[in-house]
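Chemist: First the structure, then my questions, so here it is.
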Amino acid sequence: MLDFLINNKGFEYEFTATFIIDQKSSMATVQKDNTHLFENEGDIKLTEAHGKKIIQWANSGEGYTPPVRSSKTPTDELISVKEEVITLCKKLGGSENEELMKAIKKIEPSGNPNKIKEMKKLQELLETLKTIKPLKEVKKEAKKEVKKEGA
């Protein structure tokens with residue numbers, strides 16, 4: 001069975017094979033191919049021979065090869081990294097830590113890491129946060145400096 005991609009909003013099905021067909025040239029580009037018959041063909045002009053290949057595949061009993069999907073969605077990963085960032089922010093002293101807030105505002109002007117929606121930015125922030133000293137440590141160092149100056 002050969003299904004063509006229908007471009008309707010909200011239209012989603014598991015197709016065996018889908019093609020984008022250029023209206024001017026009638027050339028087809030494989031968009032999805034669970035039969036693995038057209039994977040390396042590039043742009044092709046679909047013919048009766050292609051239909052025969054599909055029928056032969058369907059009758060062969062090889063069947064559908066489902067796409068391998070990760071059980072962890074990108075959204076799950078984003079949430080996980082965001083939670084790690086939030087936990088680290090709390091350990092570093094939260095909004096009272098000036099260095100922390102500067103680092104966050106460099107990536108998210110509001111200073112709220114919950115508003116970061118891009119994985120790359122979250123990971124960049126996480127790496128930066130790992131280099132920042134906790135507020136307690138900064139305060140201890142500041143007290144030591146005051147004692148040195150006073151002595």
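Lettering and numbering for the structure tokens are positional, with chains as A, B, ... in the shown order, residues counted from 1 in each chain, and ligands counted from 1 in the shown order.
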I'd like the neighbourhood of segment 116-128 of chain A as a list in words, where a residue qualifies if any of its atoms comes within 9 Å (using only C-alpha atoms), though same-chain residues fewer than 2 positions away should be ignored.
Modeler: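 My reading of the contact set: Pro74, Glu77, Leu78, Val81, Lys82, Glu84, Val85, Leu88, Leu100, Ala103, Ile104, Lys106, Ile107, Glu108, Asn112, Pro113, Asn114, Lys130, Thr131 and Ile132 of chain A.
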Chemist: Give the answer as one residue: which of A:Leu92, A:Ala58, A:Ala28, A:Leu129 has the shortest atom-to-atom distance to Glu41 of chain A, using only C-alpha atoms?
Modeler: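 Closest candidate: A:Ala28.
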Chemist: List the spatial neighbours of Lys53 of chain A as an NGL selection string - criterion: any atom at most 12 Å away, only C-alpha atoms, same-chain residues fewer than 2 positions off excluded.
Modeler: :A and (1-2 or 35-38 or 46-51 or 55-60)
Chemist: Give the helix (DSSP H, G or I) residues of chain A, as DSSP finds them on the backbone, and put them as a PyMOL selection string.
Modeler: chain A and resi 48-60+74-91+94-96+98-107+113-115+119-129+135-150
Chemist: How many Å lie between atom CA of Gly61 of chain A and atom CA of Ile21 of chain A, rounded to one decimal?
Modeler: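 Answer for the atom CA of Gly61 of chain A to atom CA of Ile21 of chain A separation: 28.0 Å.
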Chemist: Go through segment 5-126 of chain A and collect every residue that DSSP, computed from the backbone, puts in strand (DSSP E); the answer should be as a PyMOL selection string.
Modeler: chain A and resi 17-21+28-33+43-44
Chemist: Here is a test: counting only C-alpha atoms, which residue of A:Lys32, A:Lys52, A:Lys45, A:Lys133 is nearest to Gly94 of chain A?
Modeler: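 Smallest separation from Gly94 of chain A among the options: A:Lys133.
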Chemist: Can you tell me, as a ChimeraX atom specification, what residues are no more than 12 Å from Asn40 of chain A when counting only C-alpha atoms, ignoring any on the same chain fewer than 6 positions away?
Modeler: /A:29-33
Chemist: Between atom CA of Thr16 of chain A and atom CA of Ile54 of chain A, what is the spacing in Å?
Modeler: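 The value is 9.9 Å.
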